[in-house]
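Asker: Mind looking over this structure? Questions follow.
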Amino acid sequence: QVQLVESGGGLVQPGGSLRLSCAASGIISGINTMGWYRQAPGKERELVATIRSDVITNYADSVKGRFTISRDNAKNTVYLQMNSLKPEDTAVYYCTASDYYGTTYWGKGTLVTVSS
């Protein structure tokens, strides 16, 4: 089992920045991909960004050039640096971890609100 705990959400003004963190614990040796998803009110959950094998990244078109995903293996933590935030980025952000067997684990989420 893998446990994921997100932190760093909060209220920020449009144009501002936030950094989300996700700490992983448990049996993490088989984890090869970590990522972030989000779910806005009344909308389906969507992919934000993933990082595989520490260097291969993938981003949703809506966040390219504004968000950066990174991973610190020494701390078993994945980060999401979010810049130039827009009101439409308001959502609950979920951390995920996927292993070589195809199992995906989810955190409980952290709320990001972009509003003036």
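Here's how to read the names in the structure tokens: chain A, B, ... by the order shown, residue numbers from 1 in each chain, ligand numbers from 1 in the order shown.
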Just list the residues in chain A DSSP gives strand (DSSP E or B) on the backbone, as a count of residues only.

Answerer: 67

Asker: Taking a cut-off of 12 Å and counting only C-alpha atoms, can you build a table that, for each residue of segment 36-100 of chain A near segment 5-12 of chain A, reports the nearest atom pair and how far apart they are in Å (one decimal), sorted by chain then residue number, as a tab-separated table?

Answerer:
residue	atom	partner	partner_atom	distance
A:Trp36	CA	A:Glu6	CA	10.0
A:Tyr37	CA	A:Glu6	CA	11.8
A:Arg38	CA	A:Gly9	CA	12.0
A:Asn76	CA	A:Val5	CA	11.0
A:Thr77	CA	A:Val5	CA	9.4
A:Val78	CA	A:Glu6	CA	9.3
A:Tyr79	CA	A:Glu6	CA	9.4
A:Leu80	CA	A:Gly8	CA	9.5
A:Gln81	CA	A:Gly8	CA	10.1
A:Met82	CA	A:Gly9	CA	10.6
A:Asn83	CA	A:Val12	CA	10.6
A:Ser84	CA	A:Val12	CA	10.4
A:Leu85	CA	A:Val12	CA	8.0
A:Lys86	CA	A:Val12	CA	9.4
A:Pro87	CA	A:Val12	CA	9.4
A:Asp89	CA	A:Val12	CA	10.6
A:Thr90	CA	A:Leu11	CA	9.2
A:Ala91	CA	A:Gly9	CA	9.8
A:Val92	CA	A:Gly9	CA	8.6
A:Tyr93	CA	A:Gly9	CA	8.2
A:Tyr94	CA	A:Glu6	CA	7.3
A:Cys95	CA	A:Glu6	CA	6.6
A:Thr96	CA	A:Val5	CA	9.9
A:Ala97	CA	A:Val5	CA	11.2

Asker: Give me the residues near Gly35 of chain A as a ChimeraX atom specification, where near means some atom within 12 Å (using only C-alpha atoms) and where sequence neighbours in that chain fewer than 4 positions away do not count.

Answerer: /A:4,6,20-24,31,46-54,56-60,68-71,77-80,93-99,104-107

Asker: So, counting only C-alpha atoms, which residue among A:Glu44, A:Glu88, A:Arg66, A:Gln39 is closest to Gly109 of chain A?

Answerer: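 Closest candidate: A:Gln39.
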
Asker: Could you tell me which of A:Gly30, A:Gly16, A:Gln3, A:Val63 comes closest to Ser116 of chain A if we count only C-alpha atoms?

Answerer: A:Gly16

Asker: What does the distance between atom CA of Val112 of chain A and atom CA of Ala40 of chain A come to in Å, to one decimal place?

Answerer: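 These atoms are spaced 9.6 Å apart.
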